Structures are given as C-alpha cells and as structure tokens.
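Structure file entry-v5.cif (mmCIF, N, CA, C and O atoms) follows.
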data_query
#
loop_
_atom_site.group_PDB
_atom_site.id
_atom_site.type_symbol
_atom_site.label_atom_id
_atom_site.label_comp_id
_atom_site.auth_asym_id
_atom_site.auth_seq_id
_atom_site.Cartn_x
_atom_site.Cartn_y
_atom_site.Cartn_z
ATOM 1 N N MET A 1 10.158 1.368 -41.232
ATOM 2 C CA MET A 1 11.049 0.589 -40.412
ATOM 3 C C MET A 1 12.131 1.463 -39.787
ATOM 4 O O MET A 1 12.491 1.260 -38.642
ATOM 5 N N VAL A 2 12.599 2.450 -40.463
ATOM 6 C CA VAL A 2 13.695 3.284 -39.973
ATOM 7 C C VAL A 2 13.286 4.104 -38.750
ATOM 8 O O VAL A 2 14.056 4.174 -37.786
ATOM 9 N N PRO A 3 12.094 4.734 -38.696
ATOM 10 C CA PRO A 3 11.744 5.496 -37.485
ATOM 11 C C PRO A 3 11.670 4.612 -36.236
ATOM 12 O O PRO A 3 11.971 5.063 -35.125
ATOM 13 N N TYR A 4 11.290 3.355 -36.387
ATOM 14 C CA TYR A 4 11.212 2.457 -35.238
ATOM 15 C C TYR A 4 12.603 2.162 -34.660
ATOM 16 O O TYR A 4 12.748 1.981 -33.461
ATOM 17 N N ILE A 5 13.602 2.138 -35.496
ATOM 18 C CA ILE A 5 14.973 1.916 -35.021
ATOM 19 C C ILE A 5 15.429 3.103 -34.183
ATOM 20 O O ILE A 5 16.069 2.930 -33.143
ATOM 21 N N ASP A 6 15.076 4.314 -34.582
ATOM 22 C CA ASP A 6 15.420 5.504 -33.800
ATOM 23 C C ASP A 6 14.752 5.462 -32.424
ATOM 24 O O ASP A 6 15.377 5.751 -31.411
ATOM 25 N N VAL A 7 13.490 5.092 -32.410
ATOM 26 C CA VAL A 7 12.763 5.001 -31.139
ATOM 27 C C VAL A 7 13.396 3.937 -30.255
ATOM 28 O O VAL A 7 13.570 4.124 -29.050
ATOM 29 N N MET A 8 13.743 2.804 -30.845
ATOM 30 C CA MET A 8 14.353 1.726 -30.085
ATOM 31 C C MET A 8 15.679 2.167 -29.473
ATOM 32 O O MET A 8 15.970 1.877 -28.318
ATOM 33 N N LEU A 9 16.480 2.893 -30.218
ATOM 34 C CA LEU A 9 17.767 3.348 -29.704
ATOM 35 C C LEU A 9 17.594 4.379 -28.582
ATOM 36 O O LEU A 9 18.334 4.361 -27.600
ATOM 37 N N VAL A 10 16.620 5.254 -28.710
ATOM 38 C CA VAL A 10 16.348 6.233 -27.654
ATOM 39 C C VAL A 10 15.896 5.518 -26.383
ATOM 40 O O VAL A 10 16.355 5.824 -25.278
ATOM 41 N N LEU A 11 15.007 4.535 -26.516
ATOM 42 C CA LEU A 11 14.558 3.777 -25.358
ATOM 43 C C LEU A 11 15.707 2.992 -24.727
ATOM 44 O O LEU A 11 15.801 2.889 -23.499
ATOM 45 N N LEU A 12 16.595 2.466 -25.542
ATOM 46 C CA LEU A 12 17.749 1.741 -25.025
ATOM 47 C C LEU A 12 18.626 2.657 -24.184
ATOM 48 O O LEU A 12 19.065 2.293 -23.090
ATOM 49 N N VAL A 13 18.871 3.855 -24.636
ATOM 50 C CA VAL A 13 19.678 4.811 -23.890
ATOM 51 C C VAL A 13 18.979 5.186 -22.575
ATOM 52 O O VAL A 13 19.613 5.252 -21.514
ATOM 53 N N ILE A 14 17.671 5.408 -22.630
ATOM 54 C CA ILE A 14 16.920 5.759 -21.415
ATOM 55 C C ILE A 14 17.016 4.638 -20.390
ATOM 56 O O ILE A 14 17.271 4.867 -19.207
ATOM 57 N N PHE A 15 16.809 3.403 -20.816
ATOM 58 C CA PHE A 15 16.875 2.274 -19.887
ATOM 59 C C PHE A 15 18.291 2.054 -19.363
ATOM 60 O O PHE A 15 18.480 1.647 -18.215
ATOM 61 N N MET A 16 19.291 2.324 -20.175
ATOM 62 C CA MET A 16 20.670 2.173 -19.713
ATOM 63 C C MET A 16 21.006 3.204 -18.629
ATOM 64 O O MET A 16 21.788 2.934 -17.724
ATOM 65 N N ILE A 17 20.395 4.369 -18.702
ATOM 66 C CA ILE A 17 20.641 5.403 -17.701
ATOM 67 C C ILE A 17 19.847 5.132 -16.425
ATOM 68 O O ILE A 17 20.349 5.305 -15.321
ATOM 69 N N THR A 18 18.596 4.696 -16.550
ATOM 70 C CA THR A 18 17.736 4.535 -15.375
ATOM 71 C C THR A 18 17.944 3.216 -14.650
ATOM 72 O O THR A 18 17.625 3.122 -13.464
ATOM 73 N N ALA A 19 18.462 2.182 -15.295
ATOM 74 C CA ALA A 19 18.618 0.878 -14.645
ATOM 75 C C ALA A 19 19.535 0.940 -13.422
ATOM 76 O O ALA A 19 19.195 0.374 -12.377
ATOM 77 N N PRO A 20 20.691 1.605 -13.467
ATOM 78 C CA PRO A 20 21.517 1.678 -12.253
ATOM 79 C C PRO A 20 20.842 2.436 -11.109
ATOM 80 O O PRO A 20 21.059 2.137 -9.949
ATOM 81 N N LEU A 21 20.011 3.413 -11.425
ATOM 82 C CA LEU A 21 19.312 4.161 -10.378
ATOM 83 C C LEU A 21 18.310 3.284 -9.650
ATOM 84 O O LEU A 21 18.101 3.431 -8.443
ATOM 85 N N LEU A 22 17.651 2.385 -10.367
ATOM 86 C CA LEU A 22 16.680 1.499 -9.736
ATOM 87 C C LEU A 22 17.356 0.506 -8.801
ATOM 88 O O LEU A 22 16.785 0.100 -7.796
ATOM 89 N N LYS A 23 18.571 0.106 -9.135
ATOM 90 C CA LYS A 23 19.290 -0.858 -8.314
ATOM 91 C C LYS A 23 19.772 -0.221 -7.023
ATOM 92 O O LYS A 23 19.660 -0.806 -5.949
ATOM 93 N N GLU A 24 20.300 0.978 -7.084
ATOM 94 C CA GLU A 24 20.851 1.635 -5.914
ATOM 95 C C GLU A 24 19.772 2.288 -5.059
ATOM 96 O O GLU A 24 19.816 2.240 -3.851
ATOM 97 N N GLY A 25 18.827 2.911 -5.666
ATOM 98 C CA GLY A 25 17.788 3.605 -4.920
ATOM 99 C C GLY A 25 18.235 4.981 -4.475
ATOM 100 O O GLY A 25 19.350 5.414 -4.735
ATOM 101 N N VAL A 26 17.359 5.649 -3.751
ATOM 102 C CA VAL A 26 17.628 6.984 -3.248
ATOM 103 C C VAL A 26 17.489 6.949 -1.736
ATOM 104 O O VAL A 26 16.494 6.452 -1.203
ATOM 105 N N LYS A 27 18.476 7.471 -1.015
ATOM 106 C CA LYS A 27 18.421 7.482 0.443
ATOM 107 C C LYS A 27 17.487 8.592 0.900
ATOM 108 O O LYS A 27 17.602 9.739 0.476
ATOM 109 N N VAL A 28 16.556 8.228 1.773
ATOM 110 C CA VAL A 28 15.589 9.179 2.312
ATOM 111 C C VAL A 28 15.743 9.213 3.821
ATOM 112 O O VAL A 28 15.709 8.171 4.489
ATOM 113 N N ASP A 29 15.921 10.394 4.374
ATOM 114 C CA ASP A 29 16.010 10.557 5.823
ATOM 115 C C ASP A 29 14.616 10.872 6.356
ATOM 116 O O ASP A 29 14.115 11.983 6.189
ATOM 117 N N LEU A 30 13.985 9.878 6.999
ATOM 118 C CA LEU A 30 12.653 10.067 7.556
ATOM 119 C C LEU A 30 12.757 10.613 8.974
ATOM 120 O O LEU A 30 13.672 10.256 9.720
ATOM 121 N N PRO A 31 11.814 11.459 9.379
ATOM 122 C CA PRO A 31 11.861 12.000 10.746
ATOM 123 C C PRO A 31 11.477 10.929 11.767
ATOM 124 O O PRO A 31 10.752 9.989 11.461
ATOM 125 N N ASP A 32 11.976 11.084 12.983
ATOM 126 C CA ASP A 32 11.608 10.191 14.071
ATOM 127 C C ASP A 32 10.345 10.704 14.740
ATOM 128 O O ASP A 32 10.205 11.910 14.983
ATOM 129 N N ALA A 33 9.429 9.794 15.038
ATOM 130 C CA ALA A 33 8.188 10.169 15.705
ATOM 131 C C ALA A 33 8.396 10.147 17.206
ATOM 132 O O ALA A 33 8.895 9.172 17.760
ATOM 133 N N GLY A 34 8.022 11.217 17.862
ATOM 134 C CA GLY A 34 8.157 11.295 19.310
ATOM 135 C C GLY A 34 6.921 10.829 20.048
ATOM 136 O O GLY A 34 6.935 10.658 21.258
ATOM 137 N N ALA A 35 5.825 10.621 19.333
ATOM 138 C CA ALA A 35 4.573 10.218 19.974
ATOM 139 C C ALA A 35 4.574 8.731 20.273
ATOM 140 O O ALA A 35 5.138 7.932 19.535
ATOM 141 N N LYS A 36 3.927 8.377 21.360
ATOM 142 C CA LYS A 36 3.786 6.978 21.732
ATOM 143 C C LYS A 36 2.453 6.450 21.221
ATOM 144 O O LYS A 36 1.506 7.224 21.028
ATOM 145 N N PRO A 37 2.313 5.150 20.993
ATOM 146 C CA PRO A 37 1.030 4.596 20.543
ATOM 147 C C PRO A 37 -0.057 4.809 21.596
ATOM 148 O O PRO A 37 0.213 4.853 22.799
ATOM 149 N N ILE A 38 -1.298 4.914 21.116
ATOM 150 C CA ILE A 38 -2.432 5.079 22.018
ATOM 151 C C ILE A 38 -2.681 3.763 22.742
ATOM 152 O O ILE A 38 -2.674 2.693 22.136
ATOM 153 N N ASP A 39 -2.910 3.843 24.039
ATOM 154 C CA ASP A 39 -3.151 2.666 24.861
ATOM 155 C C ASP A 39 -4.460 1.992 24.438
ATOM 156 O O ASP A 39 -5.482 2.660 24.224
ATOM 157 N N SER A 40 -4.470 0.672 24.310
ATOM 158 C CA SER A 40 -5.661 -0.052 23.864
ATOM 159 C C SER A 40 -6.795 0.049 24.885
ATOM 160 O O SER A 40 -7.969 0.038 24.512
ATOM 161 N N ASP A 41 -6.489 0.153 26.185
ATOM 162 C CA ASP A 41 -7.549 0.321 27.192
ATOM 163 C C ASP A 41 -8.242 1.661 27.013
ATOM 164 O O ASP A 41 -9.458 1.773 27.206
ATOM 165 N N PHE A 42 -7.490 2.683 26.652
ATOM 166 C CA PHE A 42 -8.082 4.003 26.413
ATOM 167 C C PHE A 42 -9.042 3.939 25.225
ATOM 168 O O PHE A 42 -10.133 4.512 25.264
ATOM 169 N N LEU A 43 -8.672 3.225 24.167
ATOM 170 C CA LEU A 43 -9.529 3.119 22.988
ATOM 171 C C LEU A 43 -10.797 2.324 23.268
ATOM 172 O O LEU A 43 -11.837 2.579 22.668
ATOM 173 N N LYS A 44 -10.727 1.362 24.189
ATOM 174 C CA LYS A 44 -11.923 0.585 24.528
ATOM 175 C C LYS A 44 -12.953 1.450 25.241
ATOM 176 O O LYS A 44 -14.157 1.244 25.097
ATOM 177 N N ASN A 45 -12.495 2.432 26.017
ATOM 178 C CA ASN A 45 -13.394 3.263 26.821
ATOM 179 C C ASN A 45 -13.784 4.571 26.144
ATOM 180 O O ASN A 45 -14.681 5.247 26.611
ATOM 181 N N HIS A 46 -13.101 4.957 25.077
ATOM 182 C CA HIS A 46 -13.374 6.242 24.422
ATOM 183 C C HIS A 46 -13.566 6.035 22.922
ATOM 184 O O HIS A 46 -12.731 5.418 22.265
ATOM 185 N N GLU A 47 -14.647 6.593 22.411
ATOM 186 C CA GLU A 47 -14.895 6.528 20.963
ATOM 187 C C GLU A 47 -14.025 7.575 20.261
ATOM 188 O O GLU A 47 -13.903 8.701 20.733
ATOM 189 N N PRO A 48 -13.412 7.233 19.132
ATOM 190 C CA PRO A 48 -12.582 8.232 18.436
ATOM 191 C C PRO A 48 -13.425 9.361 17.857
ATOM 192 O O PRO A 48 -14.585 9.172 17.495
ATOM 193 N N LEU A 49 -12.844 10.543 17.786
ATOM 194 C CA LEU A 49 -13.505 11.705 17.206
ATOM 195 C C LEU A 49 -13.290 11.680 15.698
ATOM 196 O O LEU A 49 -12.157 11.631 15.221
ATOM 197 N N ILE A 50 -14.394 11.697 14.943
ATOM 198 C CA ILE A 50 -14.321 11.654 13.482
ATOM 199 C C ILE A 50 -14.873 12.962 12.931
ATOM 200 O O ILE A 50 -16.014 13.337 13.213
ATOM 201 N N VAL A 51 -14.051 13.670 12.160
ATOM 202 C CA VAL A 51 -14.452 14.922 11.528
ATOM 203 C C VAL A 51 -14.523 14.676 10.026
ATOM 204 O O VAL A 51 -13.584 14.168 9.427
ATOM 205 N N THR A 52 -15.670 15.037 9.423
ATOM 206 C CA THR A 52 -15.892 14.805 7.997
ATOM 207 C C THR A 52 -16.292 16.110 7.327
ATOM 208 O O THR A 52 -17.093 16.866 7.876
ATOM 209 N N ILE A 53 -15.752 16.365 6.136
ATOM 210 C CA ILE A 53 -16.135 17.522 5.337
ATOM 211 C C ILE A 53 -16.670 16.997 4.017
ATOM 212 O O ILE A 53 -15.998 16.234 3.323
ATOM 213 N N ASP A 54 -17.904 17.385 3.666
ATOM 214 C CA ASP A 54 -18.484 16.894 2.414
ATOM 215 C C ASP A 54 -18.092 17.798 1.250
ATOM 216 O O ASP A 54 -17.330 18.756 1.413
ATOM 217 N N ALA A 55 -18.592 17.481 0.064
ATOM 218 C CA ALA A 55 -18.212 18.205 -1.156
ATOM 219 C C ALA A 55 -18.666 19.667 -1.128
ATOM 220 O O ALA A 55 -18.062 20.510 -1.787
ATOM 221 N N ARG A 56 -19.700 19.984 -0.373
ATOM 222 C CA ARG A 56 -20.183 21.365 -0.292
ATOM 223 C C ARG A 56 -19.495 22.157 0.811
ATOM 224 O O ARG A 56 -19.821 23.311 1.047
ATOM 225 N N GLY A 57 -18.533 21.532 1.531
ATOM 226 C CA GLY A 57 -17.776 22.237 2.550
ATOM 227 C C GLY A 57 -18.420 22.222 3.925
ATOM 228 O O GLY A 57 -17.978 22.932 4.820
ATOM 229 N N ARG A 58 -19.469 21.413 4.124
ATOM 230 C CA ARG A 58 -20.114 21.321 5.433
ATOM 231 C C ARG A 58 -19.311 20.398 6.334
ATOM 232 O O ARG A 58 -18.777 19.396 5.888
ATOM 233 N N LEU A 59 -19.237 20.742 7.601
ATOM 234 C CA LEU A 59 -18.432 20.025 8.579
ATOM 235 C C LEU A 59 -19.338 19.163 9.455
ATOM 236 O O LEU A 59 -20.325 19.647 10.000
ATOM 237 N N TYR A 60 -19.001 17.889 9.589
ATOM 238 C CA TYR A 60 -19.736 16.956 10.439
ATOM 239 C C TYR A 60 -18.777 16.405 11.493
ATOM 240 O O TYR A 60 -17.643 16.056 11.197
ATOM 241 N N VAL A 61 -19.262 16.319 12.752
ATOM 242 C CA VAL A 61 -18.468 15.784 13.851
ATOM 243 C C VAL A 61 -19.312 14.731 14.565
ATOM 244 O O VAL A 61 -20.492 14.955 14.823
ATOM 245 N N ASN A 62 -18.725 13.576 14.883
ATOM 246 C CA ASN A 62 -19.494 12.525 15.547
ATOM 247 C C ASN A 62 -19.501 12.746 17.060
ATOM 248 O O ASN A 62 -19.110 11.902 17.860
ATOM 249 N N PHE A 63 -19.976 13.898 17.487
ATOM 250 C CA PHE A 63 -20.012 14.270 18.892
ATOM 251 C C PHE A 63 -21.302 15.024 19.152
ATOM 252 O O PHE A 63 -21.699 15.881 18.357
ATOM 253 N N GLY A 64 -21.975 14.736 20.226
ATOM 254 C CA GLY A 64 -23.188 15.455 20.582
ATOM 255 C C GLY A 64 -24.441 14.769 20.070
ATOM 256 O O GLY A 64 -24.435 13.614 19.648
ATOM 257 N N LYS A 65 -25.573 15.519 20.122
ATOM 258 C CA LYS A 65 -26.878 14.956 19.761
ATOM 259 C C LYS A 65 -27.083 14.833 18.259
ATOM 260 O O LYS A 65 -27.580 13.839 17.782
ATOM 261 N N ASN A 66 -26.745 15.849 17.505
ATOM 262 C CA ASN A 66 -27.057 15.909 16.067
ATOM 263 C C ASN A 66 -25.842 15.529 15.229
ATOM 264 O O ASN A 66 -25.278 16.357 14.514
ATOM 265 N N GLN A 67 -25.455 14.266 15.269
ATOM 266 C CA GLN A 67 -24.279 13.826 14.531
ATOM 267 C C GLN A 67 -24.518 13.790 13.024
ATOM 268 O O GLN A 67 -23.573 13.869 12.241
ATOM 269 N N ASP A 68 -25.804 13.677 12.590
ATOM 270 C CA ASP A 68 -26.099 13.627 11.163
ATOM 271 C C ASP A 68 -26.375 15.012 10.588
ATOM 272 O O ASP A 68 -26.638 15.140 9.399
ATOM 273 N N GLN A 69 -26.263 16.062 11.388
ATOM 274 C CA GLN A 69 -26.472 17.441 10.932
ATOM 275 C C GLN A 69 -25.119 18.135 10.843
ATOM 276 O O GLN A 69 -24.218 17.879 11.647
ATOM 277 N N PRO A 70 -24.949 19.033 9.865
ATOM 278 C CA PRO A 70 -23.680 19.769 9.799
ATOM 279 C C PRO A 70 -23.490 20.669 11.006
ATOM 280 O O PRO A 70 -24.446 21.192 11.563
ATOM 281 N N THR A 71 -22.259 20.842 11.401
ATOM 282 C CA THR A 71 -21.925 21.708 12.538
ATOM 283 C C THR A 71 -22.090 23.158 12.103
ATOM 284 O O THR A 71 -21.614 23.548 11.031
ATOM 285 N N PRO A 72 -22.780 23.975 12.925
ATOM 286 C CA PRO A 72 -22.943 25.386 12.526
ATOM 287 C C PRO A 72 -21.603 26.110 12.514
ATOM 288 O O PRO A 72 -20.721 25.865 13.336
ATOM 289 N N ARG A 73 -21.459 27.010 11.542
ATOM 290 C CA ARG A 73 -20.215 27.774 11.406
ATOM 291 C C ARG A 73 -20.193 28.915 12.404
ATOM 292 O O ARG A 73 -21.184 29.607 12.600
ATOM 293 N N PRO A 74 -19.049 29.148 13.050
ATOM 294 C CA PRO A 74 -18.958 30.301 13.973
ATOM 295 C C PRO A 74 -18.956 31.608 13.199
ATOM 296 O O PRO A 74 -18.510 31.681 12.061
ATOM 297 N N ARG A 75 -19.449 32.645 13.830
ATOM 298 C CA ARG A 75 -19.524 33.945 13.146
ATOM 299 C C ARG A 75 -18.640 34.945 13.791
ATOM 300 O O ARG A 75 -18.171 34.980 14.780
#
Take the structure in this file and express it as structure tokens.
Amino acid sequence: MVPYIDVMLVLLVIFMITAPLLKEGVKVDLPDAGAKPIDSDFLKNHEPLIVTIDARGRLYVNFGKNQDQPTPRPR
C-alpha cells in the first residue's frame, strides 16, 4: 500500500504542473502562404501529376505510355 501512495503523490505533482499549460496553450507563429489556390477550371482540363516511390525505391509517374512501369533512372 505504501508504494502506491508515493506513485499517487508523484502523479498529483505532475498533473498540478501540466494542467495550467494545457489551459493556456503554446503560441505558434505559422508562416503565411503566398500561393493562390489552383483554379477549378484548370483542374477540370488537366490531370494532376502523381509521383510514386515503392518500397524498392522505383519511381512511377502517371505520365506517358508506360504508367505501370518504373521510370528509368538517368545515368
């Protein structure tokens, strides 16, 4: 029974310290984005470019004839 009282007191101290931090929070300065949203008419006429890398490090791009084949590596 005695070791549980020690644990309880330690947890009480931890919660007493962290509770005010949760109420106030931390101020974060986020950067402003300079980019504008993509026009919906542009998206209707153009398919997005999707680049995929598999677990073996092969690169796939949804562009051209062989979309299901890995893109050859430049030498």
Task: Long-range neighbours of range 30-46 of chain A as an MDAnalysis selection string, 12 Å cut-off, only C-alpha atoms, 3 positions minimum in chain - done: chainID A and resid 27 49 63
TODO: Record the distance separating atom N of Phe15 in chain A and atom N of Pro3 in chain A, expressed in Å with one decimal.
DONE: 18.5 Å
Open item on the list: For a test of reading the model, state the distance in Å between CA of Ile53 in chain A and CA of Lys65 in chain A, rounded to one decimal.
Closed with: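 Those two atoms sit 18.2 Å apart.
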Open item on the list: With DSSP run on the backbone, what are the helix (DSSP H, G or I) residues within chain A? I'd like them as a PyMOL selection string.
Closed with: chain A and resi 2-24+40-45
Task: Å distance separating atom N of Asn62 in chain A from atom C of Pro48 in chain A, one decimal place - done: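 Separation between atom N of Asn62 in chain A and atom C of Pro48 in chain A: 7.4 Å.
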TODO: Apply DSSP to the structure's backbone, then extract all residues of chain A labelled strand (DSSP E) and return them as a list in words.
DONE: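 Matching residues, listed in order: Val51, Thr52, Ile53, Leu59, Tyr60 and Val61 of chain A.
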Open item on the list: To test your reading of the syntax: which residues would the PyMOL selection byres (((chain A and resi 55-60 and name CA) around 9) and name CA) return for the file shown? Reply as a list in words.
Closed with: Ile50, Val51, Thr52, Ile53, Asp54, Val61, Asn62, Phe63, Gln67, Asp68, Gln69, Pro70, Thr71, Pro72 and Arg73 of chain A
